[in-house]
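Asker: Enclosed is the structure file target_26.tsv (TSV, C-alpha atoms).
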chain	number	residue	atom	x	y	z
A	363	MET	CA	10.76	36.76	-4.83
A	364	THR	CA	7.89	34.61	-3.56
A	365	PHE	CA	6.40	34.56	-7.05
A	366	MET	CA	9.70	33.43	-8.57
A	367	VAL	CA	10.13	30.65	-5.99
A	368	GLN	CA	6.62	29.38	-6.67
A	369	PHE	CA	7.13	29.66	-10.43
A	370	PHE	CA	10.25	27.50	-10.42
A	371	ARG	CA	8.73	25.16	-7.86
A	372	ASN	CA	5.84	24.45	-10.23
A	373	TYR	CA	8.23	23.52	-13.06
A	374	MET	CA	10.89	21.53	-11.26
A	375	LYS	CA	11.66	17.98	-12.23
A	376	LEU	CA	10.49	15.16	-10.01
A	377	ALA	CA	14.11	14.31	-9.19
A	378	HIS	CA	14.46	17.61	-7.33
A	379	PHE	CA	11.84	16.57	-4.79
A	380	THR	CA	13.04	13.02	-4.13
A	381	GLN	CA	16.18	14.03	-2.25
A	382	GLY	CA	14.61	14.19	1.21
A	383	ARG	CA	11.53	13.14	3.18
A	384	ASP	CA	9.68	16.45	3.02
A	385	ASN	CA	6.55	15.36	1.15
A	386	ASN	CA	2.87	14.53	1.60
A	387	PHE	CA	3.03	10.73	1.27
A	388	ASN	CA	2.12	10.11	4.92
A	389	LEU	CA	-0.95	12.31	4.62
A	390	ILE	CA	-1.97	10.79	1.28
A	391	ARG	CA	-1.70	7.26	2.69
A	392	PHE	CA	-3.71	8.28	5.74
A	393	VAL	CA	-6.51	9.60	3.52
A	394	ALA	CA	-6.31	6.47	1.37
A	395	SER	CA	-6.56	4.13	4.37
A	396	LEU	CA	-9.49	6.12	5.70
A	397	SER	CA	-11.15	5.88	2.27
A	398	VAL	CA	-10.83	2.09	2.37
A	399	LEU	CA	-12.51	2.12	5.78
A	400	VAL	CA	-15.36	4.25	4.39
A	401	THR	CA	-15.82	1.96	1.39
A	402	HIS	CA	-15.99	-1.14	3.56
A	403	SER	CA	-18.47	0.60	5.86
A	404	PHE	CA	-21.09	0.57	3.10
A	405	ALA	CA	-20.62	-3.13	2.42
A	406	LEU	CA	-20.53	-4.22	6.06
A	407	ALA	CA	-23.37	-1.98	7.25
A	408	LEU	CA	-25.71	-2.58	4.32
A	409	GLY	CA	-24.69	-6.14	3.48
A	410	THR	CA	-23.61	-5.60	-0.14
A	411	PRO	CA	-20.49	-4.13	-1.79
A	412	ASP	CA	-22.73	-2.61	-4.48
A	413	ALA	CA	-23.98	-0.09	-1.90
A	414	GLU	CA	-20.84	2.07	-2.27
A	415	PRO	CA	-22.09	5.16	-4.15
A	416	PHE	CA	-19.26	5.51	-6.70
A	417	ARG	CA	-19.30	1.90	-7.87
A	418	LYS	CA	-22.11	2.43	-10.36
A	419	SER	CA	-21.16	5.92	-11.51
A	420	LEU	CA	-17.39	5.40	-11.89
A	421	GLY	CA	-17.12	1.63	-12.17
A	422	MET	CA	-14.89	1.58	-9.09
A	423	THR	CA	-15.05	2.58	-5.45
A	424	ILE	CA	-12.96	5.08	-3.54
A	425	GLY	CA	-11.50	2.02	-1.87
A	426	ASN	CA	-10.30	0.71	-5.25
A	427	ILE	CA	-8.73	4.08	-6.00
A	428	SER	CA	-7.08	4.11	-2.59
A	429	VAL	CA	-5.54	0.67	-3.14
A	430	ASP	CA	-4.15	1.93	-6.45
A	431	VAL	CA	-2.68	4.92	-4.61
A	432	PHE	CA	-1.02	2.56	-2.13
A	433	PHE	CA	0.54	0.49	-4.91
A	434	ILE	CA	1.75	3.45	-6.97
A	435	THR	CA	3.29	5.00	-3.87
A	436	SER	CA	4.82	1.69	-2.85
A	437	GLY	CA	6.29	1.09	-6.30
A	438	PHE	CA	7.90	4.53	-6.25
A	439	LEU	CA	9.31	4.43	-2.72
A	440	VAL	CA	10.33	0.77	-2.70
A	441	THR	CA	12.16	1.09	-6.01
A	442	ALA	CA	13.89	4.18	-4.66
A	443	SER	CA	14.95	2.18	-1.60
A	444	LEU	CA	16.42	-0.61	-3.70
A	445	LEU	CA	18.29	1.71	-6.06
A	446	TYR	CA	19.66	3.81	-3.21
A	447	ARG	CA	20.78	0.81	-1.18
A	448	LYS	CA	21.83	-1.49	-4.05
A	449	ASN	CA	21.91	-4.25	-1.42
A	450	ILE	CA	19.32	-7.00	-1.53
A	451	VAL	CA	19.78	-8.09	2.09
A	452	GLU	CA	19.26	-4.54	3.38
A	453	PHE	CA	16.29	-4.10	1.05
A	454	ILE	CA	14.56	-7.29	2.21
A	455	TRP	CA	15.23	-6.44	5.87
A	456	ALA	CA	13.71	-2.98	5.42
A	457	ARG	CA	10.60	-4.41	3.77
A	458	PHE	CA	10.29	-7.09	6.45
A	459	LEU	CA	10.40	-4.51	9.25
A	460	ARG	CA	7.77	-2.36	7.56
A	461	ILE	CA	5.23	-5.14	7.13
A	462	PHE	CA	5.62	-8.11	9.42
A	463	PRO	CA	6.04	-6.88	13.04
A	464	ALA	CA	2.77	-4.93	12.93
A	465	LEU	CA	1.08	-7.70	10.94
A	466	LEU	CA	2.11	-10.27	13.55
A	467	ALA	CA	0.73	-8.13	16.37
A	468	MET	CA	-2.56	-7.64	14.55
A	469	LEU	CA	-2.92	-11.36	13.84
A	470	LEU	CA	-2.21	-12.29	17.45
A	471	LEU	CA	-4.90	-9.87	18.63
A	472	THR	CA	-7.31	-11.10	15.96
A	473	VAL	CA	-6.81	-14.82	16.50
A	474	LEU	CA	-6.21	-15.00	20.25
A	475	VAL	CA	-8.38	-12.13	21.54
A	476	LEU	CA	-11.10	-11.39	19.01
A	477	GLY	CA	-11.47	-14.94	17.75
A	478	SER	CA	-11.40	-16.50	21.20
A	479	ALA	CA	-14.04	-14.07	22.47
A	480	PHE	CA	-16.51	-14.47	19.61
A	481	THR	CA	-16.13	-18.02	18.30
A	482	THR	CA	-19.12	-20.29	18.69
A	483	LEU	CA	-16.77	-23.22	19.31
A	484	SER	CA	-15.38	-24.11	22.69
A	485	LEU	CA	-12.14	-22.30	23.41
A	486	SER	CA	-10.08	-25.49	23.29
A	487	ASN	CA	-11.64	-26.59	19.99
A	488	TYR	CA	-11.12	-23.13	18.50
A	489	LEU	CA	-7.47	-22.84	19.54
A	490	THR	CA	-6.62	-26.33	18.28
A	491	HIS	CA	-8.73	-26.15	15.13
A	492	ARG	CA	-6.84	-26.70	11.86
A	493	ASP	CA	-8.44	-23.61	10.29
A	494	THR	CA	-7.23	-21.40	13.14
A	495	PHE	CA	-3.62	-22.38	12.48
A	496	LYS	CA	-4.17	-22.13	8.73
A	497	TYR	CA	-5.58	-18.59	9.04
A	498	PHE	CA	-2.67	-17.43	11.19
A	499	ALA	CA	0.03	-19.07	9.06
A	500	LYS	CA	-1.21	-17.93	5.66
A	501	CYS	CA	-2.00	-14.38	6.75
A	502	LEU	CA	1.41	-14.07	8.39
A	503	THR	CA	3.42	-15.41	5.44
A	504	LEU	CA	1.24	-13.66	2.80
A	505	PHE	CA	3.14	-14.79	-0.31
A	506	PHE	CA	0.78	-17.67	-1.15
A	507	GLY	CA	-2.40	-15.77	-0.35
A	508	ILE	CA	-4.47	-15.36	2.77
A	509	GLU	CA	-7.32	-17.04	4.62
A	510	TYR	CA	-10.48	-15.08	5.31
A	511	ARG	CA	-12.32	-17.04	7.99
A	512	LEU	CA	-11.73	-18.20	11.54
A	513	PRO	CA	-13.77	-21.19	12.73
A	514	GLY	CA	-17.04	-20.11	14.34
A	515	VAL	CA	-16.24	-16.38	14.27
A	516	PHE	CA	-18.72	-13.79	12.90
A	517	ASN	CA	-20.86	-16.48	11.27
A	518	GLN	CA	-17.90	-17.54	9.11
A	519	LYS	CA	-17.67	-14.15	7.41
A	520	ALA	CA	-14.33	-12.68	6.33
A	521	ILE	CA	-12.33	-11.57	9.35
A	522	ASN	CA	-9.99	-9.19	7.55
A	523	GLY	CA	-10.93	-8.56	3.93
A	524	SER	CA	-8.37	-5.79	3.59
A	525	LEU	CA	-5.47	-8.23	3.66
A	526	TRP	CA	-6.26	-9.46	0.13
A	527	THR	CA	-3.90	-6.84	-1.37
A	528	MET	CA	-0.89	-7.73	0.75
A	529	PRO	CA	0.15	-10.96	-1.06
A	530	TYR	CA	0.27	-8.87	-4.23
A	531	GLU	CA	2.46	-6.34	-2.43
A	532	VAL	CA	5.08	-8.86	-1.30
A	533	ARG	CA	5.06	-10.48	-4.74
A	534	MET	CA	5.93	-7.11	-6.26
A	535	TYR	CA	8.87	-6.88	-3.86
A	536	ALA	CA	9.91	-10.36	-4.94
A	537	THR	CA	9.67	-9.35	-8.60
A	538	LEU	CA	12.04	-6.45	-7.96
A	539	VAL	CA	14.49	-8.66	-6.05
A	540	ILE	CA	14.48	-11.44	-8.66
A	541	SER	CA	14.92	-8.94	-11.50
A	542	TRP	CA	17.83	-7.28	-9.69
A	543	LEU	CA	19.56	-10.61	-8.99
A	544	MET	CA	19.03	-12.01	-12.50
A	545	LEU	CA	20.45	-8.88	-14.11
A	546	GLY	CA	23.51	-9.06	-11.85
A	547	VAL	CA	25.32	-11.13	-14.48
A	548	PHE	CA	25.52	-8.06	-16.71
A	549	TYR	CA	27.65	-6.13	-14.18
A	550	VAL	CA	28.26	-2.72	-15.84
A	551	GLN	CA	24.90	-2.60	-17.61
A	552	LYS	CA	22.96	-3.93	-14.65
A	553	LEU	CA	21.45	-0.62	-13.53
A	554	LYS	CA	20.39	0.43	-17.03
A	555	LEU	CA	18.85	-2.97	-17.74
A	556	PHE	CA	17.04	-2.98	-14.40
A	557	LYS	CA	15.50	0.41	-15.13
A	558	ALA	CA	14.55	-0.72	-18.62
A	559	CYS	CA	12.96	-3.82	-17.12
A	560	ILE	CA	10.79	-1.69	-14.85
A	561	LEU	CA	9.63	0.43	-17.80
A	562	ILE	CA	8.81	-2.69	-19.80
A	563	PHE	CA	6.82	-4.10	-16.87
A	564	ALA	CA	4.80	-0.86	-16.67
A	565	ILE	CA	4.13	-0.66	-20.42
A	566	CYS	CA	3.12	-4.31	-20.67
A	567	GLY	CA	1.00	-3.98	-17.55
A	568	ALA	CA	-0.84	-0.93	-18.92
A	569	THR	CA	-1.41	-2.58	-22.29
A	570	TYR	CA	-2.82	-5.77	-20.86
A	571	LEU	CA	-4.86	-3.93	-18.22
A	572	LEU	CA	-6.62	-1.80	-20.82
A	573	TRP	CA	-7.12	-4.77	-23.14
A	574	ASN	CA	-8.52	-6.90	-20.34
A	575	HIS	CA	-10.87	-4.13	-19.20
A	576	PHE	CA	-12.41	-3.57	-22.64
A	577	TYR	CA	-12.32	-7.10	-24.05
A	578	SER	CA	-12.72	-9.42	-21.06
A	579	GLU	CA	-15.69	-10.01	-18.81
A	580	TYR	CA	-13.55	-10.67	-15.77
A	581	PRO	CA	-11.64	-8.02	-13.79
A	582	ASP	CA	-7.96	-8.81	-13.31
A	583	ASN	CA	-6.67	-7.53	-9.98
A	584	THR	CA	-3.24	-9.03	-10.57
A	585	THR	CA	-2.63	-6.99	-13.72
A	586	ARG	CA	-4.16	-3.84	-12.25
A	587	LEU	CA	-1.99	-3.90	-9.13
A	588	PHE	CA	1.06	-4.97	-11.14
A	589	PHE	CA	0.64	-1.95	-13.40
A	590	MET	CA	0.00	0.46	-10.54
A	591	PHE	CA	3.10	-0.72	-8.69
A	592	PHE	CA	5.37	-0.51	-11.72
A	593	SER	CA	3.91	2.78	-12.91
A	594	GLY	CA	5.06	4.17	-9.57
A	595	ALA	CA	8.43	2.47	-10.03
A	596	SER	CA	8.68	3.96	-13.52
A	597	PHE	CA	8.12	7.45	-12.20
A	598	PHE	CA	11.15	7.01	-9.97
A	599	VAL	CA	13.24	5.61	-12.81
A	600	LEU	CA	12.23	8.55	-15.03
A	601	LYS	CA	12.39	11.18	-12.30
A	602	GLU	CA	15.02	13.20	-14.20
A	603	ASN	CA	12.64	13.49	-17.17
A	604	ILE	CA	9.34	14.23	-15.44
A	605	VAL	CA	8.36	17.82	-14.72
A	606	LEU	CA	5.81	18.54	-12.02
A	607	SER	CA	3.77	21.25	-13.68
A	608	LYS	CA	0.72	22.95	-12.23
A	609	PRO	CA	-0.83	23.62	-15.68
A	610	LEU	CA	-0.39	19.96	-16.66
A	611	PHE	CA	-1.78	18.82	-13.31
A	612	THR	CA	-4.81	21.08	-13.82
A	613	ILE	CA	-5.39	19.81	-17.36
A	614	LEU	CA	-5.15	16.15	-16.32
A	615	LEU	CA	-7.44	16.70	-13.35
A	616	ALA	CA	-9.98	18.44	-15.61
A	617	CYS	CA	-9.79	15.55	-18.09
A	618	LEU	CA	-10.40	13.08	-15.28
A	619	ALA	CA	-13.38	15.09	-14.04
A	620	LEU	CA	-14.88	15.32	-17.52
A	621	ALA	CA	-14.35	11.60	-18.06
A	622	THR	CA	-16.81	10.81	-15.27
A	623	ILE	CA	-19.59	11.18	-17.87
A	624	HIS	CA	-18.84	7.63	-19.06
A	625	ILE	CA	-17.54	4.67	-17.05
A	626	GLN	CA	-15.28	3.27	-19.79
A	627	LEU	CA	-13.81	6.65	-20.62
A	628	PHE	CA	-13.19	7.30	-16.94
A	629	PHE	CA	-11.30	4.04	-16.54
A	630	MET	CA	-8.98	4.80	-19.45
A	631	VAL	CA	-8.27	8.41	-18.41
A	632	TYR	CA	-7.92	7.37	-14.75
A	633	THR	CA	-5.43	4.61	-15.59
A	634	LEU	CA	-3.23	6.97	-17.58
A	635	THR	CA	-3.34	9.98	-15.23
A	636	ILE	CA	-3.58	8.74	-11.64
A	637	ALA	CA	0.18	8.38	-11.12
A	638	TYR	CA	1.05	11.92	-12.26
A	639	LEU	CA	-1.78	13.43	-10.21
A	640	LEU	CA	-0.59	11.50	-7.17
A	641	PHE	CA	3.04	12.59	-7.38
A	642	TYR	CA	2.09	16.21	-7.95
A	643	LEU	CA	-0.02	16.13	-4.78
A	644	ALA	CA	2.75	14.30	-2.94
A	645	TYR	CA	5.41	16.93	-3.63
A	646	ILE	CA	4.01	20.31	-4.69
A	647	PRO	CA	1.41	21.36	-2.07
A	648	ALA	CA	3.40	22.56	0.93
A	649	GLY	CA	2.95	24.74	3.99
A	650	PHE	CA	0.97	23.73	7.04
A	651	ILE	CA	-0.11	20.35	5.62
A	652	ARG	CA	3.50	19.16	5.94
A	653	ASN	CA	3.03	19.35	9.71
A	654	TYR	CA	1.19	16.04	9.44
A	655	ASN	CA	4.60	14.39	9.12
A	656	LEU	CA	5.28	15.32	12.73
A	657	ILE	CA	2.38	13.16	13.89
A	658	GLY	CA	3.33	9.78	12.47
A	659	ASP	CA	2.39	7.30	9.76
A	660	TYR	CA	-0.86	5.69	10.90
A	661	SER	CA	-1.98	4.45	7.47
A	662	TYR	CA	-0.72	0.87	7.79
A	663	GLY	CA	-2.28	0.46	11.21
A	664	ILE	CA	-5.61	1.76	9.95
A	665	TYR	CA	-5.44	-0.54	6.95
A	666	ILE	CA	-4.77	-3.77	8.83
A	667	TYR	CA	-7.04	-3.12	11.83
A	668	ALA	CA	-10.08	-1.47	10.23
A	669	PHE	CA	-11.81	-4.51	8.76
A	670	PRO	CA	-11.82	-6.71	11.89
A	671	VAL	CA	-13.07	-3.72	13.89
A	672	GLN	CA	-15.83	-3.11	11.36
A	673	GLN	CA	-16.86	-6.76	11.42
A	674	LEU	CA	-17.04	-6.53	15.19
A	675	VAL	CA	-19.22	-3.40	15.02
A	676	ALA	CA	-21.54	-5.03	12.47
A	677	TYR	CA	-21.79	-8.14	14.65
A	678	LEU	CA	-22.51	-6.29	17.90
A	679	ILE	CA	-24.85	-3.67	16.40
A	680	PRO	CA	-27.16	-5.37	13.90
A	681	GLY	CA	-28.57	-2.88	11.39
A	682	VAL	CA	-25.93	-0.25	12.18
A	683	SER	CA	-26.09	2.72	9.79
A	684	VAL	CA	-23.22	3.59	7.48
A	685	ILE	CA	-22.52	6.84	9.35
A	686	LYS	CA	-22.40	5.09	12.72
A	687	MET	CA	-20.24	2.35	11.26
A	688	ILE	CA	-17.75	4.91	9.97
A	689	PHE	CA	-17.67	6.91	13.21
A	690	ILE	CA	-17.43	3.97	15.62
A	691	SER	CA	-15.00	1.88	13.59
A	692	PHE	CA	-12.73	4.84	12.87
A	693	SER	CA	-12.61	5.82	16.55
A	694	ILE	CA	-11.48	2.33	17.55
A	695	THR	CA	-9.21	1.80	14.55
A	696	ILE	CA	-7.30	5.07	14.85
A	697	THR	CA	-6.61	4.27	18.50
A	698	LEU	CA	-5.14	0.90	17.52
A	699	ALA	CA	-3.20	2.49	14.65
A	700	VAL	CA	-1.66	5.15	16.89
A	701	LEU	CA	-0.60	2.53	19.41
A	702	SER	CA	0.74	0.30	16.63
A	703	TRP	CA	2.86	3.12	15.19
A	704	HIS	CA	4.33	4.47	18.41
A	705	LEU	CA	4.77	1.19	20.26
A	706	LEU	CA	5.77	-1.12	17.43
A	707	GLU	CA	6.10	0.13	13.84
A	708	LYS	CA	8.29	3.14	14.57
A	709	LYS	CA	10.56	1.09	16.82
A	710	ALA	CA	10.79	-1.70	14.24
A	711	LEU	CA	11.76	0.74	11.49
A	712	GLY	CA	14.43	2.11	13.78
A	713	MET	CA	16.16	-1.28	13.58
A	714	LYS	CA	16.97	-0.88	9.89
A	715	GLU	CA	20.16	1.06	10.37
A	716	TYR	CA	21.11	-1.03	13.42
A	717	PHE	CA	21.05	-4.17	11.30
A	718	ILE	CA	23.07	-2.50	8.54
A	719	LYS	CA	25.65	-1.29	11.05
A	720	LYS	CA	26.01	-4.77	12.52
A	721	CYS	CA	26.45	-6.30	9.06
A	722	ASN	CA	29.10	-3.76	8.14
A	723	ASP	CA	30.87	-4.37	11.45
A	724	LEU	CA	30.85	-8.12	10.77
A	725	ILE	CA	32.25	-7.61	7.26
A	726	ARG	CA	35.04	-5.39	8.58
A	727	TYR	CA	35.81	-7.91	11.33
A	728	ARG	CA	36.09	-10.79	8.84
A	729	LYS	CA	38.35	-8.73	6.59
A	730	HIS	CA	40.53	-7.92	9.55
A	731	GLN	CA	40.72	-11.61	10.52
A	732	LYS	CA	41.52	-12.61	6.96
A	733	TRP	CA	44.27	-10.10	6.37
A	734	GLY	CA	45.53	-9.99	9.93
Output the file's structure in the form of structure tokens.
Answerer:
Amino acid sequence: MTFMVQFFRNYMKLAHFTQGRDNNFNLIRFVASLSVLVTHSFALALGTPDAEPFRKSLGMTIGNISVDVFFITSGFLVTASLLYRKNIVEFIWARFLRIFPALLAMLLLTVLVLGSAFTTLSLSNYLTHRDTFKYFAKCLTLFFGIEYRLPGVFNQKAINGSLWTMPYEVRMYATLVISWLMLGVFYVQKLKLFKACILIFAICGATYLLWNHFYSEYPDNTTRLFFMFFSGASFFVLKENIVLSKPLFTILLACLALATIHIQLFFMVYTLTIAYLLFYLAYIPAGFIRNYNLIGDYSYGIYIYAFPVQQLVAYLIPGVSVIKMIFISFSITITLAVLSWHLLEKKALGMKEYFIKKCNDLIRYRKHQKWG
């Protein structure tokens, strides 16, 4: 019986696994956020981003791969949220609660506590400086990019380099919202056209990404993250047609491993296989690792707090080794992430259904007033 259960489990369609929340996404995002921390530790401890060991051998760092994982996962889950809700206001509210409360708290700590303590300017000059307000405003709104420096802090080095991906993230949300609203004029065909639009975005993104990689001298983060996001979205759209197969997973993983012999080959195989490998790992491995879901989702907290903590460690301990940087910064960052999740993020997410309930109550009240 156990053999039969495992056999069918290994050949079930992706749609079978998307019904509930029993998956490994929280654990995968935790590992990805930790990988970003490790990658930045090389750059901040040794003074150069080229120090990361996989950059020369693979043409990318484990931090780059982790960011791709974040965007594929986000594309999948966010698209699922929109298609399940089919309500733009609820969708935007859910996205707002996931990103901005914790982001605001981090920025207040960064600007008012960290910045005030370590700026070389007088406190009054720092707090009233135009660049202080500019940093806070741009990093909080995200859509039009971020600022990297606070006046007089850490010798004008980047305060939070990790935030560079977040404007791309909110723009992807905006792309989904705009596409959904524009296709609303088609009424009956809206859902089919929206799904087709997502597939077109992914195909065009993949085509241009590969072309740009092989025929351009300049890396294009916009296209890369666009493709990763919409490849994840496409997997949700095609969930009824995708089979999670252990043999296929093994073959693709072997191809990716063999492709490490050449940087260009690795990039092409990686681009075409990373999404499938990710979703297999997100849904098929089960057992004790699922217990991680009982702990909480600390990945976002780690991601937004790690870089300022690492800059602080590098500033206070000149010449710190990579190992010490990883150990010290992770110890501080995980503490902040745990507090962020339990005291803020989890509570903020709990407001999603409250808001929806209040909106529905208001709608029912207005209908009652209208029809008496």
Asker: Please determine the residues with any atom at most 6 Å from (-6.3, 12.3, -17.7) (coordinates as given in the file, with only C-alpha atoms counting) and report them as JSON, numbers by chain.
Answerer: {"A": [614, 617, 618, 631, 632, 635]}
Asker: Would you save the residues from that selection as a JSON list (two decimals), in the coordinates of the input, using C-alpha atoms?
Answerer:
[["chain", "number", "residue", "atom", "x", "y", "z"],
["A", 614, "LEU", "CA", -5.15, 16.15, -16.32],
["A", 617, "CYS", "CA", -9.79, 15.55, -18.09],
["A", 618, "LEU", "CA", -10.40, 13.08, -15.28],
["A", 631, "VAL", "CA", -8.27, 8.41, -18.41],
["A", 632, "TYR", "CA", -7.92, 7.37, -14.75],
["A", 635, "THR", "CA", -3.34, 9.98, -15.23]]
Asker: Mind checking which residues fall within 12 Å of Gln672 (chain A), counting only C-alpha atoms, ignoring those fewer than 2 positions away in the same chain, and posting them as a ChimeraX atom specification?
Answerer: /A:398-407,516,519-524,664-670,674-680,682-684,686-695
Asker: Could you tell me which of A:Ala499, A:Ala394, A:Ile562, A:Ile424 comes closest to Leu466 (chain A) if we count only C-alpha atoms?
Answerer: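 For Leu466 (chain A), the nearest of the given residues is A:Ala499.
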Asker: Quick one: residues within 12 Å of Leu571 (chain A), all atoms listed in the file counted, chain neighbours fewer than 5 positions away excluded, as a PyMOL selection string?
Answerer: chain A and resi 563-566+576-578+580-590+629-630+633-634
Asker: Could you tell me how far CA of Gly477 (chain A) sits from CA of Leu489 (chain A), in Å to one decimal place?
Answerer: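 Interatomic distance, CA of Leu489 (chain A) to CA of Gly477 (chain A): 9.0 Å.
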Asker: In Å, rounded to a single decimal, give me how far CA of Ala595 (chain A) is from CA of Phe433 (chain A).
Answerer: 9.6 Å
Asker: Taking the point (2.7, 10.8, -14.1) as given in the file, collect each protein or nucleic acid residue that comes within 12 Å of it, counting all atoms listed in the file, and present the set as a ChimeraX atom specification.
Answerer: /A:375-376,434-435,438,590,592-601,603-607,610-611,614-615,632-644
Asker: For CA of Leu445 (chain A) and CA of Ala464 (chain A), quote the distance in Å rounded to one decimal.
Answerer: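 Computing it gives 25.4 Å between the two atoms.
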Asker: Would you mind telling me which residue in A:Ser419, A:Asn517, A:Ser436, A:Asn388 lies nearest to Ala621 (chain A) when using only C-alpha atoms?
Answerer: A:Ser419
Asker: Of the residues A:Glu602, A:Asp493, A:Asp659, A:Glu452, which is the one nearest to Val393 (chain A), using all atoms listed in the file?
Answerer: A:Asp659
Asker: Between A:Val700, A:Leu504, A:Leu711, A:Ala456, which residue has the minimum interatomic distance to Leu439 (chain A), considering all atoms listed in the file?
Answerer: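 Going through A:Val700, A:Leu504, A:Leu711, A:Ala456 one by one, the smallest distance to Leu439 (chain A) is for A:Ala456.
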Asker: For region 475-491 of chain A, what centre and edge lengths in Å (one decimal) does the axis-aligned box get once 6 Å is added on each side of all its listed atoms, as lines of an AutoDock Vina configuration file?
Answerer:
center_x = -12.9
center_y = -19.0
center_z = 19.3
size_x = 24.5
size_y = 27.2
size_z = 20.3
Asker: Identify which of the residues A:Ser661, A:Gln673, A:Thr472, A:Asn426 lies closest to Thr697 (chain A), counting all atoms listed in the file when measuring atom-to-atom distances.
Answerer: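 Of the candidates, the smallest distance to Thr697 (chain A) is held by A:Ser661.
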Asker: Find the spatial neighbours of Phe462 (chain A), counting only C-alpha atoms, within a cut-off of 10 Å - ignore same-chain residues fewer than 3 positions away - and output them as a PyMOL selection string.
Answerer: chain A and resi 457-459+465-468+502-504+707+710
